[in-house]
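What follows is a single structure, written as structure tokens, with notes after it.
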Amino acid sequence: MWPQKASGKVLFDLVCSHMNLIEGDYFGLEFQNHQKMMVWLDHIKPIIKQLRRPKHTILRFAVKFFPPDHAQLLEELTRYLFALQIKQDVSIGRLTCNDSSAALMVSHIIQSEIGDFEESQCRSHLLNNNYIPDQMPLIDKIMEFHSKNIGQTPAESDYQLLEVARRLEMYGIRLHPAKDREGTRLSLAVAHTGVLVFQGHTKINAFNWSKVRKLSFKRKRFLIKLRPDLNSSYQDTLEFLMGSRDCCKVFWKICVEYHAFFRLFEEPKPKPKPVLFTRGSSFRFSGRTQKQVMDYVKESEFKKIPFESRVQHNSRLSPLPSPRHHEVPTEVSVSVLQMAFSRVGSNSPHLSASSGHSHGMVNGQKSLELCSHSPDGRQPSPLTSPLLNDACSVRTDDEDEVRRKRFPTDRAYFIAKELLTTERTYLKDLEVVTSFQNAVGQDEATPDSLKDTVFSSFEPLHKFHTGFLREVEQRLALWEGRSNAHIKGDYQRIGDVMLKNFQGLKPLTANLHKQSEVLLELEKACRSSRRLEGLCRDFELQKVCYVPLNVFILRPLHRLIHYKQILERLCKHYPATHVDFRDCRAALADVSEVVEQLQGSLIKMENFQKLLELKKDLIGVDNLVVPSREFIRLGCLSKLSGKGLQQRMFFLFSDVILYTSRGMTPTNQFKVHGQLPLHGMTIRESEDEWGVPHAFTLVGEQQSVVVAASSLAEMEKWMEDIKVAIETAKTSNGPSPNLLTSNLTDNKCPEDSTVEAESEDDIAASHTSLERPAPHRGNTMVHVCWHRNTSVSMVDFSVAVENQLSGNLLRKFKNSNGWQKLWVVFTNFSLFFYKSHQDDYPLASLPLLGYSVTIPSESENIHKDYVFKLHFKSHVYYFRSESEYTFERWMEVIRSATIPSSVARVLNNKESHPH
């Protein structure tokens with residue numbers, strides 16, 4: 001039975017739950033009321049007050065809010081449903097356009113349905129299926145367009161369909177008949193920009209939200225009150241006559257909702273009810289605004305099963321009718337959903353069990369079937385909550401105590417153990433490069449010069465470190481007392497092993513000077529050989545390559561810095577009389593000499609490697625990688641345009657700033673919209689000027705851009721880095737800042753255009769705009785910054801590579817019992833989780849940007865030693881380390897990834913941490 005006072009939102013949420021739809025706020029349930037008018041189901045009112053005959057009412061699930069850019073739709077399922085809506089609008093003649101646009105849209109529709117072009121199959125399909133009114137004369141044109149779509153996946157076809165549709169004047173337009181004061185027949189419509197006036201299918205006027213002071217209706221009259229404008233000839237109040245008071249009210253309601261959804265940051269609060277009498281409508285927008293939706297989806301970006309277009313549609317939308325090509329219905333009889341309400345009434349937490357298991361994403365791939373629920377009942381997310389399955393061992397507290405009593409507690413032992421654990425990870429990383437050597441070294445596409453520079457470096461290193469690791473493992477086994485040797489005390493040291501091996505390592509360090517040559521040769525060879533580029537790309541997509549390949553190539557240089565840090569800790573810990581002190585000091589002198597020699601080239605190589613990595617994340621930029629360009633900072637800022645604040649990813653280099661938005665390619669690369677040369681630029685804080693928190697203006701010689709940071713700290717970091725870069729650019733003879741590909745050289749960001757009229761040029765551009773970049777890593781640091789709405793600098797990257805750590809940790813969730821034993825690797829601002837150190841690739845990962853690391857409070861009832869807490873919004877995890885030293889080290893490295901580098905350096909210089 002229906003809950004007696006169930007609101008419209010209850011029913012709508014059930015529908016979204018059935019479809020596993022997260023961005024449901026763009027949609028609504030539409031039905032014909034008793035006056036034969038199509039209206040939206042009100043989320044606040046009880047259903048029983050809205051539906052006179054519920055058993056005979058058909059509710060139609062449809063797009064309610066059309067955003068200006070489908071790139072703002074973050075879920076593939078959402079874009080698929082939007083594509084279905086466009087198909088229906090085209091088929092019934094609601095989305096009117098010229099023949100070229102119609103043929104182009106149909107070509108994308110059939111590409112998604114029947115795949116690549118084959119002439120006889122395509123013609124037969126078009127003869128048997130009607131997608132647009134009067135389709136026959138356009139069949140040849142449709143087939144011509146279809147033949148150019150070869151290779152497009154269904155998801156890419158949906159993307160291109162929306163790309164064409166959004167440029168049409170009638171995109172998302174629902175006409176409401178009206179007349180002006182002279183009795184001329186018109187139509188009113190509402191869009192994200194404001195209220196529109198049409199004559200037939202031609203837009204003749206537009207009233208932007210910024211110009212509208214008030215919308216109201218009085219009987220049949222719909223009134224638009226404008227803000228005073230001395231430069232305008234408009235009267236201050238415009239009046240339109242509609243068919244009835246109810247027609248006015250229906251249109252007024254949708255205007256109120258459109259304004260709130262696109263213009264407000266958060267849902268408006270309900271007004272207090274008047275005590276004596278009411279005046280006017282109490283209707284208000286209910287639900288999340290677009291900004292809230294986007295923030296929410298970014299936080300839970302990878303929580304769901306990936307949506308496989310045209311493969312999982314039926315199962316995902318079940319038990320609702322499955323959409324078929326030109327039918328879009330998602331029409332639902334209210335009576336069909338009554339059973340769902342009875343489940344709700346019986347305290348069932350889920351409407352459907354179709355959500356299944358979530359998958360961890362490492363390197364953009366499904367890595368492991370995770371537990372089907374987290375302790376708080378939500379789906380786990382590798383961006384927030386990696387949860388390994390039951391196969392992972394869980395160590396009991398008794399076992400833990402036995403182990404702690406058996407093994408040494410000396411700080412030097414734990415420092416030596418860090419050498420062991422990190423050496424295990426380092427050797428695995430070297431194996432990644434040697435396996436890359438095996439993968440491409442035998443291929444004829446690989447030039448001999450590359451083989452000589454790359455592959456001659458890593459085989460000797462791998463062989464050396466295999467022996468070194470074996471000696472360290474043997475020494476730690478003796479130190480832990482697994483033989484009688486520890487009784488003599490001869491083996492409770494590590495300096496002698498390190499000194500002997502570093503003397504053997506010295507001849508190999510000559511090769512480390514060639515690492516920059518390795519990166520250059522690899523980049524050069526990939527540019528000249530598509531086959532080699534493909535081999536490298538395919539290798540980088542393997543699970544074992546858990547960070548970008550170029551990062552592995554620089555690992556030997558970073559490893560020397562880690563040896564230096566470990567030896568410095570040992571020398572600081574030991575008294576001068578200790579048996580191990582002399583060997584540690586001698587080994588430290590040896591490794592410090594090598595590190596000092598390599599330091600200058602390391603800085604250049606890290607910058608070069610970062611430019612190469614960013615090049616893969618960007619679309620629409622040429623010549624990013626040049627020797628004199630330095631990367632400074634990347635991160636999210638909101639850009640102020642005619643359509644309000646829009647999230648953009650900014651990239652600051654020593655000579656130019658690029659601003660981008662995340663594209664809808666299979667890899668979600670970032671599409672460059674424009675560039676701001678630093679030469680001649682000024683910057684000023686402009687929060688008061690625009691009334692937007694944390695806003696500042698970049699004033700360039702060609703254009704000015706107003707941006708807003710997510711916090712005061714973020715604004716200060718950006719402004720400081722940009723000011724320094726501007727000063728440096730004044731004196732440097734850097735590279736030409738013209739980075740954009742030819743179709744973007746006008747420096748015009750598409751979303752800044754106030755009018756998007758359809759033209760043949762737009763159609764042609766749309767047809768060719770789908771770049772088909774090769775798949776690459778979809779969860780790089782750029783994407784993490786996008787999801788977390790933060791930024792990271794080159795200084796932060798440099799600090800991060802110096803702070804690497806590996807080892808076993810026990811992990812528990814906020815509401816779970818027991819501790820799960822994991823092998824954890826910290827690198828590149830992320831924790832990577834393994835069952836054990838023998839595993840070849842991580843099972844899940846947790847990027848740490850945005851997280852905080854603290855000590856649990858008394859109220860959290862974590863009655864264990866050496867526990868630290870990671871938390872981000874509602875996500876809370878506890879980790880236990882085995883000693884005070886390892887606790888301090890994990891706190892130290894995680895802080896380097898979660899707080900600004902300047903603060904991290906201060907904290908890292910302090911020896912003690914509270915616990």
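Chain identifiers are assigned as A, B, and so on, following the order in which chains appear in the structure tokens; residues are numbered from 1 within each chain, and ligands are numbered from 1 in order of appearance.
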
Spatial neighbours of segment 123-129 of chain A, max dist 9 Å, only C-alpha atoms, sep filter under 6 positions, as a PDB file with all heavy atoms, in the first residue's frame:
ATOM      1  N   ILE A 110      22.560   5.874 -34.940  1.00  0.00           N
ATOM      2  CA  ILE A 110      22.674   4.515 -35.495  1.00  0.00           C
ATOM      3  C   ILE A 110      24.073   3.947 -35.267  1.00  0.00           C
ATOM      4  O   ILE A 110      24.240   2.726 -35.174  1.00  0.00           O
ATOM      5  CB  ILE A 110      22.267   4.464 -36.983  1.00  0.00           C
ATOM      6  CG1 ILE A 110      23.156   5.358 -37.843  1.00  0.00           C
ATOM      7  CG2 ILE A 110      20.808   4.832 -37.157  1.00  0.00           C
ATOM      8  CD1 ILE A 110      22.854   5.234 -39.327  1.00  0.00           C
ATOM      9  N   ILE A 114      23.933   0.180 -34.163  1.00  0.00           N
ATOM     10  CA  ILE A 114      24.339  -0.937 -35.035  1.00  0.00           C
ATOM     11  C   ILE A 114      25.836  -0.999 -35.246  1.00  0.00           C
ATOM     12  O   ILE A 114      26.336  -1.912 -35.903  1.00  0.00           O
ATOM     13  CB  ILE A 114      23.617  -0.872 -36.405  1.00  0.00           C
ATOM     14  CG1 ILE A 114      24.060   0.364 -37.205  1.00  0.00           C
ATOM     15  CG2 ILE A 114      22.107  -0.877 -36.221  1.00  0.00           C
ATOM     16  CD1 ILE A 114      23.494   0.399 -38.628  1.00  0.00           C
ATOM     17  N   GLN A 135      12.174  11.189 -43.046  1.00  0.00           N
ATOM     18  CA  GLN A 135      13.558  10.713 -43.053  1.00  0.00           C
ATOM     19  C   GLN A 135      14.064  10.310 -44.445  1.00  0.00           C
ATOM     20  O   GLN A 135      15.263  10.447 -44.730  1.00  0.00           O
ATOM     21  CB  GLN A 135      13.668   9.507 -42.097  1.00  0.00           C
ATOM     22  CG  GLN A 135      15.050   8.897 -41.995  1.00  0.00           C
ATOM     23  CD  GLN A 135      15.105   7.832 -40.925  1.00  0.00           C
ATOM     24  OE1 GLN A 135      15.014   8.155 -39.746  1.00  0.00           O
ATOM     25  NE2 GLN A 135      15.217   6.578 -41.324  1.00  0.00           N
ATOM     26  N   MET A 136      13.183   9.824 -45.318  1.00  0.00           N
ATOM     27  CA  MET A 136      13.599   9.222 -46.585  1.00  0.00           C
ATOM     28  C   MET A 136      14.545  10.111 -47.417  1.00  0.00           C
ATOM     29  O   MET A 136      15.578   9.632 -47.891  1.00  0.00           O
ATOM     30  CB  MET A 136      12.376   8.836 -47.410  1.00  0.00           C
ATOM     31  CG  MET A 136      11.666   7.578 -46.920  1.00  0.00           C
ATOM     32  SD  MET A 136      12.722   6.108 -46.975  1.00  0.00           S
ATOM     33  CE  MET A 136      12.901   5.927 -48.753  1.00  0.00           C
ATOM     34  N   ILE A 139      18.350   9.906 -46.253  1.00  0.00           N
ATOM     35  CA  ILE A 139      19.042   8.636 -45.992  1.00  0.00           C
ATOM     36  C   ILE A 139      20.477   8.666 -46.508  1.00  0.00           C
ATOM     37  O   ILE A 139      21.418   8.246 -45.813  1.00  0.00           O
ATOM     38  CB  ILE A 139      18.246   7.450 -46.584  1.00  0.00           C
ATOM     39  CG1 ILE A 139      17.039   7.154 -45.673  1.00  0.00           C
ATOM     40  CG2 ILE A 139      19.116   6.210 -46.710  1.00  0.00           C
ATOM     41  CD1 ILE A 139      16.212   5.971 -46.111  1.00  0.00           C
ATOM     42  N   ASP A 140      20.697   9.155 -47.728  1.00  0.00           N
ATOM     43  CA  ASP A 140      22.057   9.180 -48.276  1.00  0.00           C
ATOM     44  C   ASP A 140      22.975  10.073 -47.439  1.00  0.00           C
ATOM     45  O   ASP A 140      24.145   9.731 -47.211  1.00  0.00           O
ATOM     46  CB  ASP A 140      22.038   9.672 -49.723  1.00  0.00           C
ATOM     47  CG  ASP A 140      21.432   8.636 -50.670  1.00  0.00           C
ATOM     48  OD1 ASP A 140      21.436   7.438 -50.295  1.00  0.00           O
ATOM     49  OD2 ASP A 140      20.951   9.022 -51.746  1.00  0.00           O
ATOM     50  N   ILE A 142      22.611  10.794 -44.235  1.00  0.00           N
ATOM     51  CA  ILE A 142      22.834  10.103 -42.962  1.00  0.00           C
ATOM     52  C   ILE A 142      23.930   9.052 -43.126  1.00  0.00           C
ATOM     53  O   ILE A 142      24.844   8.931 -42.296  1.00  0.00           O
ATOM     54  CB  ILE A 142      21.531   9.442 -42.454  1.00  0.00           C
ATOM     55  CG1 ILE A 142      20.502  10.516 -42.084  1.00  0.00           C
ATOM     56  CG2 ILE A 142      21.813   8.540 -41.250  1.00  0.00           C
ATOM     57  CD1 ILE A 142      19.104   9.970 -41.836  1.00  0.00           C
ATOM     58  N   MET A 143      23.836   8.275 -44.228  1.00  0.00           N
ATOM     59  CA  MET A 143      24.835   7.222 -44.465  1.00  0.00           C
ATOM     60  C   MET A 143      26.228   7.822 -44.679  1.00  0.00           C
ATOM     61  O   MET A 143      27.234   7.264 -44.221  1.00  0.00           O
ATOM     62  CB  MET A 143      24.415   6.378 -45.667  1.00  0.00           C
ATOM     63  CG  MET A 143      23.166   5.537 -45.404  1.00  0.00           C
ATOM     64  SD  MET A 143      22.575   4.663 -46.860  1.00  0.00           S
ATOM     65  CE  MET A 143      23.955   3.578 -47.208  1.00  0.00           C
ATOM     66  N   HIS A 325      15.893   1.449 -29.483  1.00  0.00           N
ATOM     67  CA  HIS A 325      16.446   2.568 -30.244  1.00  0.00           C
ATOM     68  C   HIS A 325      15.649   3.856 -30.218  1.00  0.00           C
ATOM     69  O   HIS A 325      15.984   4.747 -29.463  1.00  0.00           O
ATOM     70  CB  HIS A 325      16.789   2.165 -31.683  1.00  0.00           C
ATOM     71  CG  HIS A 325      15.833   1.249 -32.338  1.00  0.00           C
ATOM     72  ND1 HIS A 325      16.130  -0.048 -32.568  1.00  0.00           N
ATOM     73  CD2 HIS A 325      14.610   1.438 -32.843  1.00  0.00           C
ATOM     74  CE1 HIS A 325      15.117  -0.616 -33.206  1.00  0.00           C
ATOM     75  NE2 HIS A 325      14.208   0.263 -33.380  1.00  0.00           N
ATOM     76  N   HIS A 326      14.585   3.993 -31.026  1.00  0.00           N
ATOM     77  CA  HIS A 326      13.967   5.309 -31.085  1.00  0.00           C
ATOM     78  C   HIS A 326      12.828   5.458 -30.084  1.00  0.00           C
ATOM     79  O   HIS A 326      12.075   6.384 -30.142  1.00  0.00           O
ATOM     80  CB  HIS A 326      13.469   5.593 -32.502  1.00  0.00           C
ATOM     81  CG  HIS A 326      12.530   4.539 -33.021  1.00  0.00           C
ATOM     82  ND1 HIS A 326      12.975   3.318 -33.425  1.00  0.00           N
ATOM     83  CD2 HIS A 326      11.185   4.532 -33.193  1.00  0.00           C
ATOM     84  CE1 HIS A 326      11.948   2.587 -33.854  1.00  0.00           C
ATOM     85  NE2 HIS A 326      10.857   3.310 -33.717  1.00  0.00           N
TER      86      HIS A 326
END

**Item:** Per-residue DSSP, segment 542-680 of chain A, filtered to strand (DSSP E), as a VMD selection string
**Value:** chain A and resid 618 to 619 631 to 641 644 to 653 656 to 662 670 to 677

**Prompt:** Which value, in Å to one decimal, gives the distance between atom CA of Val440 of chain A and atom CA of Leu549 of chain A?
**Reply:** 13.2 Å

**Request:** Considering only C-alpha atoms, state which residue in the set A:Lys220, A:Lys179, A:Arg559, A:Arg811 is at the smallest distance from Leu870 of chain A.
**Result:**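 Ranked by minimum distance to Leu870 of chain A, first place goes to A:Arg811.
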
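Going from atom CA of Val250 of chain A over to atom CA of Lys64 of chain A, you cover 13.4 Å.
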
Quick one: everything within 12 Å of Glu727 of chain A, counting only C-alpha atoms, minus sequence neighbours fewer than 2 positions away in the same chain. Send it as a PDB file with C-alpha atoms, in the first residue's frame.
ATOM      1  CA  SER A 654      56.554  29.592 -16.132  1.00  0.00           C
ATOM      2  CA  ASP A 655      55.304  31.403 -19.238  1.00  0.00           C
ATOM      3  CA  LEU A 678      52.180  35.658 -18.196  1.00  0.00           C
ATOM      4  CA  HIS A 679      54.114  38.371 -20.016  1.00  0.00           C
ATOM      5  CA  GLY A 680      52.399  41.669 -19.221  1.00  0.00           C
ATOM      6  CA  MET A 681      49.886  40.052 -16.842  1.00  0.00           C
ATOM      7  CA  THR A 682      48.781  41.599 -13.557  1.00  0.00           C
ATOM      8  CA  ILE A 683      46.780  40.002 -10.756  1.00  0.00           C
ATOM      9  CA  GLU A 720      51.555  33.688  -4.595  1.00  0.00           C
ATOM     10  CA  ASP A 721      52.674  31.276  -7.346  1.00  0.00           C
ATOM     11  CA  ILE A 722      51.201  33.403 -10.143  1.00  0.00           C
ATOM     12  CA  LYS A 723      52.845  36.593  -8.833  1.00  0.00           C
ATOM     13  CA  VAL A 724      56.246  34.891  -8.663  1.00  0.00           C
ATOM     14  CA  ALA A 725      55.753  33.438 -12.159  1.00  0.00           C
ATOM     15  CA  ALA A 729      58.468  35.932 -16.920  1.00  0.00           C
ATOM     16  CA  LYS A 730      59.497  39.623 -17.101  1.00  0.00           C
ATOM     17  CA  THR A 731      63.181  38.736 -17.203  1.00  0.00           C
ATOM     18  CA  SER A 732      63.209  35.397 -18.974  1.00  0.00           C
TER      19      SER A 732
END

**Asked** Can you tell me how far atom CA of Asn205 of chain A sits from atom CA of Gly243 of chain A, in Å to one decimal?
**Response** 20.5 Å

**Message:** What parts of segment 419-570 of chain A does DSSP call helix (DSSP H, G or I)? I'd like the answer as JSON, numbers by chain.
**Reply:** {"A": [419, 420, 421, 422, 423, 424, 425, 426, 427, 428, 429, 430, 431, 432, 433, 434, 435, 436, 437, 438, 439, 440, 441, 448, 449, 450, 451, 452, 453, 454, 455, 456, 457, 458, 459, 460, 461, 462, 463, 464, 465, 466, 467, 468, 469, 470, 471, 472, 473, 474, 475, 476, 477, 478, 479, 484, 485, 486, 487, 495, 496, 497, 498, 499, 500, 501, 502, 503, 504, 505, 506, 507, 508, 509, 510, 511, 512, 513, 514, 515, 516, 517, 518, 519, 520, 521, 522, 523, 524, 525, 526, 527, 528, 530, 531, 532, 533, 534, 535, 536, 537, 538, 539, 540, 549, 550, 551, 552, 553, 555, 556, 557, 558, 559, 560, 561, 562, 563, 564, 565, 566, 567, 568, 569, 570]}

**Message:** List as a list of chain:residue names the protein and nucleic acid residues near Arg221 of chain A, meaning an atom at most 12 Å away when only C-alpha atoms are counted, but skip any in the same chain fewer than 2 places from it.
**Reply:** A:Ala178, A:Lys179, A:Asp180, A:Arg181, A:Leu215, A:Ser216, A:Phe217, A:Lys218, A:Arg219, A:Leu223, A:Ile224, A:Thr237, A:Leu238, A:Glu239, A:Phe240, A:Leu241, A:Met242, A:Gly243, A:Ser244, A:Arg245, A:Asp246, A:Cys247, A:Cys248, A:Lys249, A:Phe251, A:Trp252

**Message:** So, with only C-alpha atoms as the atoms that count, which of A:Glu858, A:Asp617, A:Glu23, A:Glu540 lies closest to Gln290 of chain A?
**Reply:** A:Glu23

**Asked** Which of these, A:Asn550, A:Asn815, A:Gln503, A:Gln542, has the shortest distance to Leu430 of chain A once you count only C-alpha atoms?
**Response**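 Of all the options, A:Asn550 lies closest to Leu430 of chain A.
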
**Contacts of Gln492 of chain A within 12 Å, only C-alpha atoms, excl. fewer than 3 positions in-chain, as a ChimeraX atom specification** = /A:408-417,472,474-481,485-489,495-497,578-581

May I have the residues from that selection written out with C-alpha atoms, as an mmCIF file, in the first residue's frame?
data_model
loop_
_atom_site.group_PDB
_atom_site.id
_atom_site.type_symbol
_atom_site.label_atom_id
_atom_site.label_comp_id
_atom_site.auth_asym_id
_atom_site.auth_seq_id
_atom_site.Cartn_x
_atom_site.Cartn_y
_atom_site.Cartn_z
ATOM 1 C CA PRO A 408 63.164 -6.153 18.866
ATOM 2 C CA THR A 409 61.947 -2.763 20.005
ATOM 3 C CA ASP A 410 65.124 -0.787 19.325
ATOM 4 C CA ARG A 411 64.534 2.272 17.095
ATOM 5 C CA ALA A 412 67.507 1.313 14.918
ATOM 6 C CA TYR A 413 65.788 -1.992 14.115
ATOM 7 C CA PHE A 414 62.688 -0.200 12.836
ATOM 8 C CA ILE A 415 64.818 2.193 10.762
ATOM 9 C CA ALA A 416 66.570 -0.838 9.253
ATOM 10 C CA LYS A 417 63.191 -2.471 8.698
ATOM 11 C CA VAL A 472 69.161 -6.893 4.003
ATOM 12 C CA GLN A 474 69.168 -11.980 5.950
ATOM 13 C CA ARG A 475 70.474 -9.309 8.309
ATOM 14 C CA LEU A 476 66.967 -8.420 9.560
ATOM 15 C CA ALA A 477 66.208 -12.124 10.124
ATOM 16 C CA LEU A 478 69.300 -12.392 12.294
ATOM 17 C CA TRP A 479 68.479 -9.148 14.091
ATOM 18 C CA GLU A 480 64.986 -10.436 14.878
ATOM 19 C CA GLY A 481 66.536 -13.476 16.526
ATOM 20 C CA ALA A 485 73.590 -15.116 16.102
ATOM 21 C CA HIS A 486 71.757 -12.258 17.815
ATOM 22 C CA ILE A 487 73.064 -13.439 21.201
ATOM 23 C CA LYS A 488 76.542 -12.211 20.267
ATOM 24 C CA GLY A 489 75.141 -8.872 19.177
ATOM 25 C CA GLY A 495 75.500 0.137 8.392
ATOM 26 C CA ASP A 496 78.078 -2.449 7.369
ATOM 27 C CA VAL A 497 75.682 -4.008 4.833
ATOM 28 C CA HIS A 578 77.953 2.549 18.812
ATOM 29 C CA VAL A 579 79.426 -0.291 16.746
ATOM 30 C CA ASP A 580 77.270 0.682 13.745
ATOM 31 C CA PHE A 581 77.844 4.445 13.851
#

**Asked** With only C-alpha atoms as the atoms that count, which of A:Asn33, A:Glu444, A:Glu418, A:Glu568 lies nearest to Ala525 of chain A?
**Response**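 For Ala525 of chain A, the nearest of the candidates is A:Glu444.
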
Identify, on the basis of only C-alpha atoms, every residue whose closest approach to Phe539 of chain A does not exceed 12 Å; exclude the query and any residue fewer than 2 positions from it along the same chain; express the result as a JSON list (two decimals) with N, CA and C atoms, in the first residue's frame.
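Written out: selection.json:
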[["chain", "number", "residue", "atom", "x", "y", "z"],
["A", 363, "ASN", "N", 44.89, 2.58, -11.97],
["A", 363, "ASN", "CA", 45.34, 2.82, -13.34],
["A", 363, "ASN", "C", 44.17, 2.75, -14.31],
["A", 432, "VAL", "N", 59.23, -3.47, -13.07],
["A", 432, "VAL", "CA", 58.29, -2.88, -14.03],
["A", 432, "VAL", "C", 59.05, -2.39, -15.26],
["A", 433, "VAL", "N", 60.19, -1.70, -15.02],
["A", 433, "VAL", "CA", 60.96, -1.16, -16.14],
["A", 433, "VAL", "C", 61.61, -2.29, -16.94],
["A", 434, "THR", "N", 62.12, -3.31, -16.25],
["A", 434, "THR", "CA", 62.75, -4.42, -16.99],
["A", 434, "THR", "C", 61.71, -5.21, -17.78],
["A", 435, "SER", "N", 60.49, -5.32, -17.24],
["A", 435, "SER", "CA", 59.45, -6.00, -18.01],
["A", 435, "SER", "C", 59.01, -5.13, -19.20],
["A", 436, "PHE", "N", 59.06, -3.80, -19.03],
["A", 436, "PHE", "CA", 58.82, -2.89, -20.16],
["A", 436, "PHE", "C", 59.91, -3.10, -21.22],
["A", 437, "GLN", "N", 61.13, -3.25, -20.75],
["A", 437, "GLN", "CA", 62.24, -3.52, -21.67],
["A", 437, "GLN", "C", 61.97, -4.79, -22.47],
["A", 438, "ASN", "N", 61.50, -5.83, -21.80],
["A", 438, "ASN", "CA", 61.20, -7.08, -22.50],
["A", 438, "ASN", "C", 60.03, -6.92, -23.47],
["A", 439, "ALA", "N", 59.07, -6.04, -23.09],
["A", 439, "ALA", "CA", 57.88, -5.88, -23.92],
["A", 439, "ALA", "C", 58.18, -5.15, -25.23],
["A", 440, "VAL", "N", 59.06, -4.14, -25.16],
["A", 440, "VAL", "CA", 59.31, -3.33, -26.37],
["A", 440, "VAL", "C", 60.70, -3.51, -26.94],
["A", 532, "LEU", "N", 55.44, 2.10, -31.67],
["A", 532, "LEU", "CA", 56.10, 2.15, -30.37],
["A", 532, "LEU", "C", 55.25, 2.91, -29.36],
["A", 533, "GLU", "N", 54.62, 4.00, -29.82],
["A", 533, "GLU", "CA", 53.73, 4.76, -28.94],
["A", 533, "GLU", "C", 52.61, 3.87, -28.43],
["A", 534, "GLY", "N", 52.06, 3.03, -29.32],
["A", 534, "GLY", "CA", 51.00, 2.11, -28.92],
["A", 534, "GLY", "C", 51.49, 1.07, -27.94],
["A", 535, "LEU", "N", 52.71, 0.56, -28.16],
["A", 535, "LEU", "CA", 53.28, -0.43, -27.23],
["A", 535, "LEU", "C", 53.47, 0.17, -25.84],
["A", 536, "CYS", "N", 53.97, 1.40, -25.80],
["A", 536, "CYS", "CA", 54.18, 2.07, -24.51],
["A", 536, "CYS", "C", 52.85, 2.32, -23.81],
["A", 537, "ARG", "N", 51.87, 2.76, -24.60],
["A", 537, "ARG", "CA", 50.55, 3.04, -24.02],
["A", 537, "ARG", "C", 49.92, 1.77, -23.46],
["A", 541, "LEU", "N", 48.96, 0.80, -19.40],
["A", 541, "LEU", "CA", 47.61, 0.48, -18.95],
["A", 541, "LEU", "C", 47.54, -0.80, -18.13],
["A", 542, "GLN", "N", 48.65, -1.54, -18.06],
["A", 542, "GLN", "CA", 48.64, -2.77, -17.26],
["A", 542, "GLN", "C", 48.60, -2.43, -15.78],
["A", 543, "LYS", "N", 48.02, -3.35, -15.00],
["A", 543, "LYS", "CA", 47.85, -3.11, -13.57],
["A", 543, "LYS", "C", 49.18, -2.92, -12.85],
["A", 544, "VAL", "N", 50.21, -3.61, -13.33],
["A", 544, "VAL", "CA", 51.51, -3.54, -12.67],
["A", 544, "VAL", "C", 52.08, -2.12, -12.75],
["A", 545, "CYS", "N", 51.68, -1.36, -13.78],
["A", 545, "CYS", "CA", 52.18, 0.00, -13.96],
["A", 545, "CYS", "C", 51.26, 0.96, -13.21],
["A", 546, "TYR", "N", 51.35, 0.95, -11.89],
["A", 546, "TYR", "CA", 50.35, 1.63, -11.05],
["A", 546, "TYR", "C", 50.56, 3.14, -10.97],
["A", 547, "VAL", "N", 51.71, 3.63, -11.42],
["A", 547, "VAL", "CA", 51.93, 5.07, -11.59],
["A", 547, "VAL", "C", 52.48, 5.26, -13.01],
["A", 548, "PRO", "N", 52.53, 6.49, -13.53],
["A", 548, "PRO", "CA", 53.01, 6.67, -14.91],
["A", 548, "PRO", "C", 54.39, 6.06, -15.13],
["A", 549, "LEU", "N", 54.62, 5.53, -16.32],
["A", 549, "LEU", "CA", 55.86, 4.83, -16.64],
["A", 549, "LEU", "C", 57.08, 5.70, -16.38],
["A", 550, "ASN", "N", 56.99, 6.98, -16.74],
["A", 550, "ASN", "CA", 58.14, 7.87, -16.54],
["A", 550, "ASN", "C", 58.54, 8.00, -15.09],
["A", 775, "PRO", "N", 43.61, 5.35, -25.11],
["A", 775, "PRO", "CA", 43.32, 5.27, -23.68],
["A", 775, "PRO", "C", 44.59, 5.50, -22.87],
["A", 776, "HIS", "N", 44.48, 6.13, -21.77],
["A", 776, "HIS", "CA", 45.62, 6.26, -20.88],
["A", 776, "HIS", "C", 45.08, 6.29, -19.46],
["A", 777, "ARG", "N", 45.98, 6.54, -18.52],
["A", 777, "ARG", "CA", 45.59, 6.46, -17.12],
["A", 777, "ARG", "C", 44.50, 7.48, -16.80]]
